[in-house]
Amino acid sequence: MFIVPVSSHEILLQPTLHGGTIGGILKKGWGHKVAGSNKLTEAAAKQAKPKEKSYRLPDGSGMYIEVMPTGSKYWRLKYRYNGKEKRLALGVYPTVTLSVAREKARVAKAMLAEGNDPSELKKQNKLAKQTSIDNTFAVVAYELVEKHKREGASSSTIEKLYWLLDKKLCPFIGGIPVAELTPVQLLAALRRIEDDGLHETANRAKRVAGQVLRYAVATGRAERDTSQDLKGALIIKRAQHRAAITKPEELRGVLIAMDDYNGTPEVKAALQLTPMLFQRPGEIRHMEWAEIDWAQEHWEIPAEKMKMRLPHIVPLSRQSLVILRSLQPLTGYGRYVFPSARRGGRPLSENGVRTALRTLGYTNEQVTPHGFRATARTILDEVLGFRVDYIEQQLAHAVKDANGRAYNRTKHLPERKQMMQAWADYLDQLKTKN
């Protein structure tokens with residue numbers, strides 16, 4: 001007699017024998033017969049032809065191959081458990097050979113020797129496997145994203161979550177059940193991000209992974225958030241202020257370079273409107289045609305898109321309206337003013353304007369899209385002399401009046417409209433200044 005190693009998908013059926021031996025099991029009549037006494041051969045199994053009705057070719061000790069009218073051949077093991085006759089499927093011939101089927105039968109009989117029902121264990125193993133598939137990190141993560149959507153999370157937040165999951169986490173740990181994800185496995189995925197020099201992204205990915213795992217704990221699919229074991233494992237870069245130009249002569253060069261940009265019309269328009277409107281980069285790239293009030297000449301940003309979760313109005317200068325109207329024939333048929341060229345139905349990527357600035361020769365240390373907010377804040381105050389509360393209101397900062405109440409979206413709107421036109425005129429004058 002020889003033993004064929006069990007296949008990987010059957011390893012869960014391998015019993016632990018307490019006390020007894022295989023020889024002892026054989027004495028009970030549950031093992032293989034001695035060599036040469038088996039009734040079935042590989043050749044007989046191969047040559048068995050289908051008949052009008054299914055029939056069986058026995059191998060002995062309850063094992064047999066059943067030949068179906070279709071020609072399919074199935075290995076079975078007949079046994080008794082708690083006085084009831086039962087059958088266990090051992091596989092399909094010829095994928096499962098005679099010798100492998102006998103080994104599976106041996107394993108099943110060893111389970112019987114320990115008082116276990118192999119059919120029930122097989123069902124439990126199949127259920128456990130399916131449960132693991134249903135509760136992988138990817139499945140739980142995207143379920144959490146859907147929850148955030150229902151709760152009204154901003155489109156920029158949802159997009160960032162998808163990007164982190166699709167590009168940085170799920171390709172490496174997405175298939176691991178949340179209950180089995182170890183700190184070492186999670187750290188390996190985060191190290192890949194660090195190796196690209198994206199330290200803040202790595203830390204953000206760790207926070208997202210922690211949210212997923214805590215959600216798994218809350219929904220009964222994991223015991224604990226293993227990301228907590230990675231405290232201090234990642235590099236934390238010191239916070240740096242976003243680069244911003246605050247000197248008019250330096251701003252002039254950037255504005256002229258923007259006008260000479262040779263990229264796509266969508267990117268060029270977003271690039272030119274970034275200093276002119278000085279809203280957050282995520283708000284600009286998520287601008288929708290439906291949010292533009294052409295009659296009132298302003299852009300109405302809904303609360304769910306704003307950092308402070310309050311609706312916001314951005315007056316549109318004559319210059320900004322010219323840019324938007326020139327772009328409308330190109331992208332006005334869709335949802336977003338600045339649609340992505342690569343992803344259908346999505347806005348310009350987070351790095352669209354930033355990459356355009358790099359193309360123009362400006363480094364991340366010289367200027368960033370977000371830095372134009374500081375540019376406008378400084379020059380509107382120190383050069384053009386506008387009231388700080390007007391500027392802060394237009395920046396959508398948490399401004400409060402003398403009574404401690406937050407300004408609403410229409411507060412000082414006529415004054416802000418005048419300020420935004422004066423700002424656009426000032427930018428034009430800078431570009432034409434000798």
# chains A, B, ... in the order shown; residues from 1 in each chain; ligands from 1
$ closest_atom_pairs --of "stretch 315-380 of chain A" --to "stretch 262-279 of chain A" --cutoff "6 Å" --atoms "only C-alpha atoms" --output "Markdown table"
| residue | atom | partner | partner_atom | distance |
| --- | --- | --- | --- | --- |
| A:Phe338 | CA | A:Glu266 | CA | 5.3 |
| A:Val353 | CA | A:Leu271 | CA | 5.6 |
| A:Phe372 | CA | A:Pro275 | CA | 5.3 |
| A:Arg373 | CA | A:Phe278 | CA | 4.9 |
$ write_last_selection --atoms "N, CA and C atoms" --output "mmCIF file, in the first residue's frame"
data_model
loop_
_atom_site.group_PDB
_atom_site.id
_atom_site.type_symbol
_atom_site.label_atom_id
_atom_site.label_comp_id
_atom_site.auth_asym_id
_atom_site.auth_seq_id
_atom_site.Cartn_x
_atom_site.Cartn_y
_atom_site.Cartn_z
ATOM 1 N N PHE A 338 -14.412 70.092 -15.610
ATOM 2 C CA PHE A 338 -13.067 69.600 -15.933
ATOM 3 C C PHE A 338 -13.054 68.074 -15.822
ATOM 4 N N VAL A 353 -3.739 69.749 -12.031
ATOM 5 C CA VAL A 353 -3.184 71.108 -12.029
ATOM 6 C C VAL A 353 -1.755 71.105 -11.505
ATOM 7 N N PHE A 372 -2.248 79.039 -3.919
ATOM 8 C CA PHE A 372 -2.844 80.253 -4.471
ATOM 9 C C PHE A 372 -3.887 80.854 -3.526
ATOM 10 N N ARG A 373 -4.368 80.085 -2.578
ATOM 11 C CA ARG A 373 -5.284 80.635 -1.574
ATOM 12 C C ARG A 373 -4.532 81.632 -0.685
#
$ residues_around --residues "A:Pro94" --least-positions-apart "5" --cutoff "10 Å" --atoms "only C-alpha atoms" --output "JSON, numbers by chain"
{"A": [42, 45, 46, 72, 73, 74, 75]}
$ residues_around --residues "A:Pro50" --least-positions-apart "4" --cutoff "10 Å" --atoms "only C-alpha atoms" --output "list of chain:residue names"
A:Ser54, A:Tyr55, A:Glu66, A:Val67, A:Met68, A:Pro69, A:Thr70, A:Gly71, A:Ser72, A:Lys73
$ write_last_selection --atoms "N, CA and C atoms" --output "CSV table (one decimal), in the first residue's frame"
chain,number,residue,atom,x,y,z
A,54,SER,N,-27.4,5.1,-14.5
A,54,SER,CA,-26.1,5.2,-13.8
A,54,SER,C,-25.8,3.9,-13.1
A,55,TYR,N,-24.5,3.6,-13.0
A,55,TYR,CA,-24.2,2.3,-12.3
A,55,TYR,C,-22.9,2.5,-11.5
A,66,GLU,N,-19.1,6.1,-9.6
A,66,GLU,CA,-20.4,6.0,-10.2
A,66,GLU,C,-20.4,6.6,-11.6
A,67,VAL,N,-20.8,5.8,-12.6
A,67,VAL,CA,-20.7,6.2,-14.0
A,67,VAL,C,-22.1,6.7,-14.4
A,68,MET,N,-22.2,8.0,-14.8
A,68,MET,CA,-23.5,8.6,-15.2
A,68,MET,C,-23.8,8.4,-16.6
A,69,PRO,N,-25.1,8.4,-17.0
A,69,PRO,CA,-25.5,8.3,-18.4
A,69,PRO,C,-24.8,9.3,-19.3
A,70,THR,N,-24.4,10.4,-18.8
A,70,THR,CA,-23.7,11.5,-19.6
A,70,THR,C,-22.3,11.1,-19.8
A,71,GLY,N,-21.7,10.1,-19.1
A,71,GLY,CA,-20.3,9.8,-19.2
A,71,GLY,C,-19.5,10.3,-18.1
A,72,SER,N,-20.0,11.2,-17.2
A,72,SER,CA,-19.3,11.7,-16.1
A,72,SER,C,-19.1,10.6,-15.1
A,73,LYS,N,-18.0,10.7,-14.3
A,73,LYS,CA,-17.7,9.6,-13.4
A,73,LYS,C,-17.3,10.3,-12.0
$ residues_around --residues "A:Lys147" --least-positions-apart "6" --cutoff "12 Å" --atoms "only C-alpha atoms" --output "PDB file with N, CA and C atoms, in the first residue's frame"
ATOM      1  N   VAL A 140     -15.070  44.245   2.643  1.00  0.00           N
ATOM      2  CA  VAL A 140     -15.457  45.071   3.790  1.00  0.00           C
ATOM      3  C   VAL A 140     -15.148  46.542   3.517  1.00  0.00           C
ATOM      4  N   ALA A 141     -14.007  46.809   2.868  1.00  0.00           N
ATOM      5  CA  ALA A 141     -13.605  48.192   2.591  1.00  0.00           C
ATOM      6  C   ALA A 141     -14.608  48.889   1.684  1.00  0.00           C
ATOM      7  N   ALA A 153     -21.024  61.706   2.493  1.00  0.00           N
ATOM      8  CA  ALA A 153     -19.618  62.114   2.362  1.00  0.00           C
ATOM      9  C   ALA A 153     -19.416  62.833   1.037  1.00  0.00           C
ATOM     10  N   ILE A 158     -14.859  60.538  -1.154  1.00  0.00           N
ATOM     11  CA  ILE A 158     -15.112  59.206  -1.718  1.00  0.00           C
ATOM     12  C   ILE A 158     -14.052  58.866  -2.761  1.00  0.00           C
ATOM     13  N   VAL A 212     -11.441  50.545   8.153  1.00  0.00           N
ATOM     14  CA  VAL A 212     -12.022  49.313   7.606  1.00  0.00           C
ATOM     15  C   VAL A 212     -12.054  48.213   8.662  1.00  0.00           C
ATOM     16  N   TYR A 215     -14.575  48.853  11.378  1.00  0.00           N
ATOM     17  CA  TYR A 215     -15.914  48.556  10.855  1.00  0.00           C
ATOM     18  C   TYR A 215     -16.146  47.044  10.835  1.00  0.00           C
TER      19      TYR A 215
END
$ residues_around --residues "A:Leu98" --least-positions-apart "2" --cutoff "12 Å" --atoms "only C-alpha atoms" --output "PyMOL selection string"
chain A and resi 3-4+38-46+57-59+63-65+73-76+90-96+100-105
$ write_last_selection --atoms "N, CA and C atoms" --output "CSV table (one decimal), in the first residue's frame"
chain,number,residue,atom,x,y,z
A,3,ILE,N,0.6,5.8,0.0
A,3,ILE,CA,-0.2,6.9,0.3
A,3,ILE,C,0.1,8.1,-0.6
A,4,VAL,N,-0.9,8.6,-1.2
A,4,VAL,CA,-0.8,9.8,-2.1
A,4,VAL,C,-1.1,11.0,-1.3
A,38,ASN,N,-7.8,-4.9,-4.1
A,38,ASN,CA,-8.8,-3.9,-4.5
A,38,ASN,C,-9.5,-4.4,-5.8
A,39,LYS,N,-10.8,-4.2,-5.9
A,39,LYS,CA,-11.5,-4.7,-7.0
A,39,LYS,C,-11.4,-3.8,-8.2
A,40,LEU,N,-11.1,-2.5,-8.0
A,40,LEU,CA,-11.0,-1.5,-9.1
A,40,LEU,C,-9.6,-1.2,-9.5
A,41,THR,N,-9.4,-1.0,-10.7
A,41,THR,CA,-8.1,-0.5,-11.2
A,41,THR,C,-8.3,0.8,-12.0
A,42,GLU,N,-7.1,1.5,-12.2
A,42,GLU,CA,-7.2,2.7,-13.0
A,42,GLU,C,-7.7,2.5,-14.4
A,43,ALA,N,-7.3,1.4,-15.0
A,43,ALA,CA,-7.7,1.0,-16.3
A,43,ALA,C,-9.2,0.8,-16.4
A,44,ALA,N,-9.8,0.1,-15.3
A,44,ALA,CA,-11.2,-0.2,-15.3
A,44,ALA,C,-12.0,1.1,-15.2
A,45,ALA,N,-11.5,2.0,-14.4
A,45,ALA,CA,-12.2,3.3,-14.2
A,45,ALA,C,-12.2,4.1,-15.5
A,46,LYS,N,-11.0,4.0,-16.2
A,46,LYS,CA,-10.9,4.8,-17.5
A,46,LYS,C,-11.8,4.2,-18.6
A,57,LEU,N,-19.1,1.0,-9.9
A,57,LEU,CA,-18.0,0.0,-9.8
A,57,LEU,C,-17.4,0.1,-8.5
A,58,PRO,N,-17.5,-0.9,-7.6
A,58,PRO,CA,-17.0,-0.8,-6.3
A,58,PRO,C,-15.4,-1.0,-6.2
A,59,ASP,N,-14.8,-0.3,-5.2
A,59,ASP,CA,-13.4,-0.5,-5.0
A,59,ASP,C,-13.2,-1.2,-3.7
A,63,MET,N,-16.1,2.4,-0.9
A,63,MET,CA,-15.7,3.3,-1.9
A,63,MET,C,-16.1,2.8,-3.3
A,64,TYR,N,-16.6,3.6,-4.2
A,64,TYR,CA,-16.9,3.2,-5.5
A,64,TYR,C,-16.9,4.4,-6.5
A,65,ILE,N,-16.9,4.1,-7.8
A,65,ILE,CA,-17.0,5.1,-8.8
A,65,ILE,C,-18.4,5.0,-9.4
A,73,LYS,N,-18.0,10.7,-14.3
A,73,LYS,CA,-17.7,9.6,-13.4
A,73,LYS,C,-17.3,10.3,-12.0
A,74,TYR,N,-18.0,9.8,-11.0
A,74,TYR,CA,-17.9,10.4,-9.6
A,74,TYR,C,-17.4,9.4,-8.6
A,75,TRP,N,-16.4,9.8,-7.8
A,75,TRP,CA,-16.0,9.0,-6.7
A,75,TRP,C,-16.9,9.2,-5.5
A,76,ARG,N,-17.3,8.1,-4.9
A,76,ARG,CA,-18.1,8.3,-3.7
A,76,ARG,C,-17.6,7.3,-2.6
A,90,LEU,N,-16.0,12.3,-3.3
A,90,LEU,CA,-14.6,12.3,-3.2
A,90,LEU,C,-13.9,13.0,-4.4
A,91,GLY,N,-14.7,13.4,-5.4
A,91,GLY,CA,-14.2,14.1,-6.6
A,91,GLY,C,-14.7,13.5,-7.9
A,92,VAL,N,-14.2,14.1,-9.0
A,92,VAL,CA,-14.6,13.7,-10.3
A,92,VAL,C,-13.5,13.1,-11.1
A,93,TYR,N,-13.7,11.9,-11.7
A,93,TYR,CA,-12.6,11.2,-12.5
A,93,TYR,C,-12.7,11.8,-13.9
A,94,PRO,N,-11.5,12.1,-14.5
A,94,PRO,CA,-10.2,11.7,-14.1
A,94,PRO,C,-9.4,12.8,-13.4
A,95,THR,N,-10.0,13.9,-13.1
A,95,THR,CA,-9.3,15.0,-12.3
A,95,THR,C,-8.8,14.4,-11.0
A,96,VAL,N,-9.6,13.6,-10.4
A,96,VAL,CA,-9.2,12.9,-9.2
A,96,VAL,C,-9.0,11.4,-9.6
A,100,VAL,N,-5.7,9.0,-5.6
A,100,VAL,CA,-6.1,10.1,-4.8
A,100,VAL,C,-7.4,9.9,-4.1
A,101,ALA,N,-8.4,9.3,-4.8
A,101,ALA,CA,-9.7,9.1,-4.3
A,101,ALA,C,-9.6,8.1,-3.1
A,102,ARG,N,-8.7,7.1,-3.2
A,102,ARG,CA,-8.5,6.2,-2.0
A,102,ARG,C,-7.9,6.9,-0.8
A,103,GLU,N,-7.0,7.9,-1.1
A,103,GLU,CA,-6.4,8.6,0.0
A,103,GLU,C,-7.4,9.5,0.7
A,104,LYS,N,-8.3,10.1,-0.1
A,104,LYS,CA,-9.4,10.9,0.5
A,104,LYS,C,-10.3,10.0,1.3
A,105,ALA,N,-10.6,8.8,0.8
A,105,ALA,CA,-11.4,7.9,1.6
A,105,ALA,C,-10.7,7.5,2.9
$ select_by_dssp --residues "stretch 142-174 of chain A" --states "alpha helix (DSSP H)" --output "MDAnalysis selection string"
chainID A and resid 142:150 155:163 170:173
$ write_last_selection --atoms "C-alpha atoms" --output "tab-separated table (two decimals), in the first residue's frame"
chain	number	residue	atom	x	y	z
A	142	TYR	CA	-15.92	48.87	-0.34
A	143	GLU	CA	-18.92	48.17	1.86
A	144	LEU	CA	-17.65	50.89	4.20
A	145	VAL	CA	-17.24	53.30	1.28
A	146	GLU	CA	-20.87	52.69	0.31
A	147	LYS	CA	-21.85	53.47	3.89
A	148	HIS	CA	-19.95	56.77	3.70
A	149	LYS	CA	-21.79	57.59	0.46
A	150	ARG	CA	-25.18	57.03	2.12
A	155	SER	CA	-17.39	63.31	-3.67
A	156	SER	CA	-13.74	64.30	-3.13
A	157	THR	CA	-13.59	62.21	0.05
A	158	ILE	CA	-15.11	59.21	-1.72
A	159	GLU	CA	-12.71	59.60	-4.63
A	160	LYS	CA	-9.70	59.68	-2.30
A	161	LEU	CA	-10.92	56.54	-0.55
A	162	TYR	CA	-11.34	54.73	-3.87
A	163	TRP	CA	-7.86	55.82	-4.96
A	170	CYS	CA	-6.39	46.23	-2.16
A	171	PRO	CA	-3.83	45.07	-4.77
A	172	PHE	CA	-1.77	43.70	-1.87
A	173	ILE	CA	-4.16	42.87	1.01
$ select_by_dssp --residues "stretch 76-105 of chain A" --states "strand (DSSP E)" --output "NGL selection string"
:A and (76-81 or 84-93)
$ write_last_selection --atoms "C-alpha atoms" --output "compact mmCIF listing (two decimals), in the first residue's frame"
# COMPACT_ATOMS: atom_id res chain seq x y z
CA ARG A 76 -18.13 8.25 -3.65
CA LEU A 77 -17.66 6.79 -0.20
CA LYS A 78 -20.57 5.05 1.50
CA TYR A 79 -20.40 4.94 5.30
CA ARG A 80 -22.57 4.89 8.38
CA TYR A 81 -22.67 7.58 11.04
CA LYS A 84 -27.51 6.30 9.32
CA GLU A 85 -26.12 5.47 5.91
CA LYS A 86 -24.44 8.46 4.26
CA ARG A 87 -22.35 9.25 1.18
CA LEU A 88 -19.33 11.48 0.74
CA ALA A 89 -18.28 12.94 -2.63
CA LEU A 90 -14.56 12.34 -3.24
CA GLY A 91 -14.17 14.07 -6.60
CA VAL A 92 -14.63 13.67 -10.33
CA TYR A 93 -12.64 11.22 -12.46
$ residues_around --residues "A:Pro118" --least-positions-apart "6" --cutoff "8 Å" --atoms "only C-alpha atoms" --output "VMD selection string"
chain A and resid 13 88 108 to 109 111 to 112
$ closest_residue --among "A:Ile245, A:Leu169, A:Leu384, A:Ala110" --to "A:Val208" --atoms "only C-alpha atoms"
A:Leu169
$ atom_distance --atom1 "atom CA of A:Pro329" --atom2 "atom CA of A:Ile256"
24.8 Å
$ decode --residues "stretch 274-293 of chain A" --atoms "N, CA and C atoms" --output "PDB file, in the first residue's frame"
ATOM      1  N   THR A 274      -7.542  78.477 -11.155  1.00  0.00           N
ATOM      2  CA  THR A 274      -7.074  78.178  -9.795  1.00  0.00           C
ATOM      3  C   THR A 274      -6.644  79.450  -9.039  1.00  0.00           C
ATOM      4  N   PRO A 275      -5.778  80.320  -9.580  1.00  0.00           N
ATOM      5  CA  PRO A 275      -5.446  81.549  -8.850  1.00  0.00           C
ATOM      6  C   PRO A 275      -6.582  82.572  -8.904  1.00  0.00           C
ATOM      7  N   MET A 276      -7.375  82.532  -9.967  1.00  0.00           N
ATOM      8  CA  MET A 276      -8.419  83.533 -10.139  1.00  0.00           C
ATOM      9  C   MET A 276      -9.558  83.348  -9.132  1.00  0.00           C
ATOM     10  N   LEU A 277      -9.926  82.089  -8.864  1.00  0.00           N
ATOM     11  CA  LEU A 277     -11.035  81.798  -7.941  1.00  0.00           C
ATOM     12  C   LEU A 277     -10.543  81.462  -6.541  1.00  0.00           C
ATOM     13  N   PHE A 278      -9.299  81.063  -6.410  1.00  0.00           N
ATOM     14  CA  PHE A 278      -8.615  80.678  -5.163  1.00  0.00           C
ATOM     15  C   PHE A 278      -9.468  79.842  -4.193  1.00  0.00           C
ATOM     16  N   GLN A 279     -10.174  78.864  -4.759  1.00  0.00           N
ATOM     17  CA  GLN A 279     -10.864  77.888  -3.918  1.00  0.00           C
ATOM     18  C   GLN A 279      -9.965  76.658  -3.768  1.00  0.00           C
ATOM     19  N   ARG A 280     -10.360  75.745  -2.926  1.00  0.00           N
ATOM     20  CA  ARG A 280      -9.535  74.555  -2.705  1.00  0.00           C
ATOM     21  C   ARG A 280      -9.454  73.734  -3.989  1.00  0.00           C
ATOM     22  N   PRO A 281      -8.291  73.098  -4.247  1.00  0.00           N
ATOM     23  CA  PRO A 281      -8.118  72.337  -5.494  1.00  0.00           C
ATOM     24  C   PRO A 281      -9.212  71.298  -5.722  1.00  0.00           C
ATOM     25  N   GLY A 282      -9.621  70.593  -4.655  1.00  0.00           N
ATOM     26  CA  GLY A 282     -10.665  69.579  -4.802  1.00  0.00           C
ATOM     27  C   GLY A 282     -11.996  70.177  -5.211  1.00  0.00           C
ATOM     28  N   GLU A 283     -12.285  71.376  -4.731  1.00  0.00           N
ATOM     29  CA  GLU A 283     -13.540  72.045  -5.070  1.00  0.00           C
ATOM     30  C   GLU A 283     -13.540  72.493  -6.534  1.00  0.00           C
ATOM     31  N   ILE A 284     -12.390  72.952  -7.000  1.00  0.00           N
ATOM     32  CA  ILE A 284     -12.305  73.412  -8.389  1.00  0.00           C
ATOM     33  C   ILE A 284     -12.422  72.238  -9.357  1.00  0.00           C
ATOM     34  N   ARG A 285     -11.679  71.183  -9.121  1.00  0.00           N
ATOM     35  CA  ARG A 285     -11.725  70.084 -10.088  1.00  0.00           C
ATOM     36  C   ARG A 285     -13.049  69.331 -10.065  1.00  0.00           C
ATOM     37  N   HIS A 286     -13.820  69.477  -8.992  1.00  0.00           N
ATOM     38  CA  HIS A 286     -15.145  68.846  -8.917  1.00  0.00           C
ATOM     39  C   HIS A 286     -16.257  69.805  -9.343  1.00  0.00           C
ATOM     40  N   MET A 287     -15.898  70.969  -9.897  1.00  0.00           N
ATOM     41  CA  MET A 287     -16.910  71.925 -10.361  1.00  0.00           C
ATOM     42  C   MET A 287     -17.820  71.255 -11.398  1.00  0.00           C
ATOM     43  N   GLU A 288     -19.121  71.475 -11.258  1.00  0.00           N
ATOM     44  CA  GLU A 288     -20.102  70.906 -12.187  1.00  0.00           C
ATOM     45  C   GLU A 288     -20.813  72.027 -12.936  1.00  0.00           C
ATOM     46  N   TRP A 289     -21.192  71.741 -14.169  1.00  0.00           N
ATOM     47  CA  TRP A 289     -21.893  72.747 -14.970  1.00  0.00           C
ATOM     48  C   TRP A 289     -23.203  73.166 -14.311  1.00  0.00           C
ATOM     49  N   ALA A 290     -23.859  72.225 -13.646  1.00  0.00           N
ATOM     50  CA  ALA A 290     -25.141  72.526 -13.011  1.00  0.00           C
ATOM     51  C   ALA A 290     -25.003  73.490 -11.845  1.00  0.00           C
ATOM     52  N   GLU A 291     -23.782  73.661 -11.330  1.00  0.00           N
ATOM     53  CA  GLU A 291     -23.552  74.550 -10.184  1.00  0.00           C
ATOM     54  C   GLU A 291     -23.313  76.002 -10.597  1.00  0.00           C
ATOM     55  N   ILE A 292     -23.183  76.242 -11.881  1.00  0.00           N
ATOM     56  CA  ILE A 292     -22.907  77.602 -12.369  1.00  0.00           C
ATOM     57  C   ILE A 292     -24.225  78.319 -12.671  1.00  0.00           C
ATOM     58  N   ASP A 293     -24.435  79.417 -12.005  1.00  0.00           N
ATOM     59  CA  ASP A 293     -25.608  80.258 -12.259  1.00  0.00           C
ATOM     60  C   ASP A 293     -25.172  81.367 -13.208  1.00  0.00           C
TER      61      ASP A 293
END
